[in-house]
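Asker: Right, I'll just put the structure down here and ask away after.
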Amino acid sequence: MTQRLRDNRGFTLLNAIFILVVLAVLGAYMVSMFGVESRTPVLVLRGAQAYHAARSGLEWGFAQAAAGSCSTTSFSVPGTGFSVDVSCSAEPVTEASGTYNVYRISAFAHSGSYGSDNYVSRRVEGKVTGP
């Protein structure tokens, strides 16, 4: 019987190492999930800010189109770090005896540098008729 115990002596050490490795992997996974979970509300907020910055650019384009102007511009939204690029194209349309323009306006809001963790962007587009 003492011979049998001597042959199994390293088996418990192997089990202990396996359990430690599995627990370490699970712990690392939990830490990384906690990091993602804590960043998610911030990313959602930044996404909403980007959407509203793009909407402001779209509204600016609508106001320009209502005045009969179609221009491309860029501006920064103060206090947010967002830059907004607004582009506009006009297409004349003739119906019956009247002619009017259909303006296609696109606004692109972005913050941060592309590829970084803090980069966020949104694009909105709309059409409006005007003089």
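Scheme for the structure tokens: letters A, B, ... for chains in order shown; per-chain residue numbers from 1; ligand numbers from 1 in order shown.
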Within 6 Å of Ser111 (chain A), counting only C-alpha atoms, which residues qualify if same-chain residues fewer than 3 places away don't, as a compact mmCIF listing (two decimals) with N, CA, C and O atoms, in the first residue's frame?
Answerer:
```
# COMPACT_ATOMS: atom_id res chain seq x y z
N GLY A 81 -16.59 69.19 -27.56
CA GLY A 81 -15.48 68.59 -28.30
C GLY A 81 -15.90 67.99 -29.63
O GLY A 81 -15.12 67.29 -30.26
N PHE A 82 -17.13 68.23 -30.06
CA PHE A 82 -17.61 67.68 -31.32
C PHE A 82 -17.40 68.67 -32.45
O PHE A 82 -17.60 69.87 -32.30
N TYR A 119 -13.28 57.67 -29.63
CA TYR A 119 -13.86 58.16 -30.88
C TYR A 119 -15.35 57.83 -30.94
O TYR A 119 -15.76 56.71 -30.63
N VAL A 120 -16.13 58.82 -31.32
CA VAL A 120 -17.57 58.62 -31.50
C VAL A 120 -18.02 59.51 -32.65
O VAL A 120 -17.51 60.61 -32.83
```
Asker: Identify, with DSSP run on backbone atoms, the residues in chain A assigned to alpha helix (DSSP H), and express the list as a ChimeraX atom specification.
Answerer: /A:2-7,11-66
Asker: Can you check which residues of region 44-79 of chain A DSSP gives as strand (DSSP E) on the backbone and send them as a PyMOL selection string?
Answerer: chain A and resi 73-77
Asker: With N, CA and C atoms retained, export the selected residues as a PDB file, in the first residue's frame.
Answerer:
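Wrote result_10.pdb, looks like this:
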```pdb
ATOM      1  N   THR A  73     -20.372  73.521 -44.838  1.00  0.00           N
ATOM      2  CA  THR A  73     -19.651  74.206 -43.767  1.00  0.00           C
ATOM      3  C   THR A  73     -19.247  73.213 -42.688  1.00  0.00           C
ATOM      4  N   SER A  74     -18.393  73.651 -41.810  1.00  0.00           N
ATOM      5  CA  SER A  74     -17.968  72.890 -40.631  1.00  0.00           C
ATOM      6  C   SER A  74     -17.983  73.832 -39.439  1.00  0.00           C
ATOM      7  N   PHE A  75     -18.358  73.288 -38.291  1.00  0.00           N
ATOM      8  CA  PHE A  75     -18.314  74.093 -37.073  1.00  0.00           C
ATOM      9  C   PHE A  75     -18.104  73.174 -35.882  1.00  0.00           C
ATOM     10  N   SER A  76     -17.728  73.769 -34.762  1.00  0.00           N
ATOM     11  CA  SER A  76     -17.520  73.034 -33.518  1.00  0.00           C
ATOM     12  C   SER A  76     -18.648  73.365 -32.556  1.00  0.00           C
ATOM     13  N   VAL A  77     -19.067  72.362 -31.795  1.00  0.00           N
ATOM     14  CA  VAL A  77     -20.092  72.574 -30.778  1.00  0.00           C
ATOM     15  C   VAL A  77     -19.364  72.907 -29.480  1.00  0.00           C
TER      16      VAL A  77
END
```
Asker: What lies within 7 Å of Cys88 (chain A) using only C-alpha atoms, ignoring chain neighbours under 3 positions off, as number ranges by chain?
Answerer: A: 70-72, 103-106
Asker: Measuring atom to atom with only C-alpha atoms, identify which of A:Gly57, A:Gly130, A:Arg122, A:Pro78 is nearest to Pro92 (chain A).
Answerer: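 For Pro92 (chain A), the nearest of the given residues is A:Gly130.
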Asker: Using only C-alpha atoms for the distances, tell me which of A:Leu20, A:Ala109, A:Val128, A:Val25 is nearest to Arg46 (chain A).
Answerer: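 Looking at the shortest contact to Arg46 (chain A), the residue is A:Ala109.
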Asker: Using only C-alpha atoms for the distances, tell me which of A:Val86, A:Val21, A:Ala96, A:Val102 is nearest to Ala54 (chain A).
Answerer: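 Answer, going by the shortest atom-to-atom distance: A:Val86.
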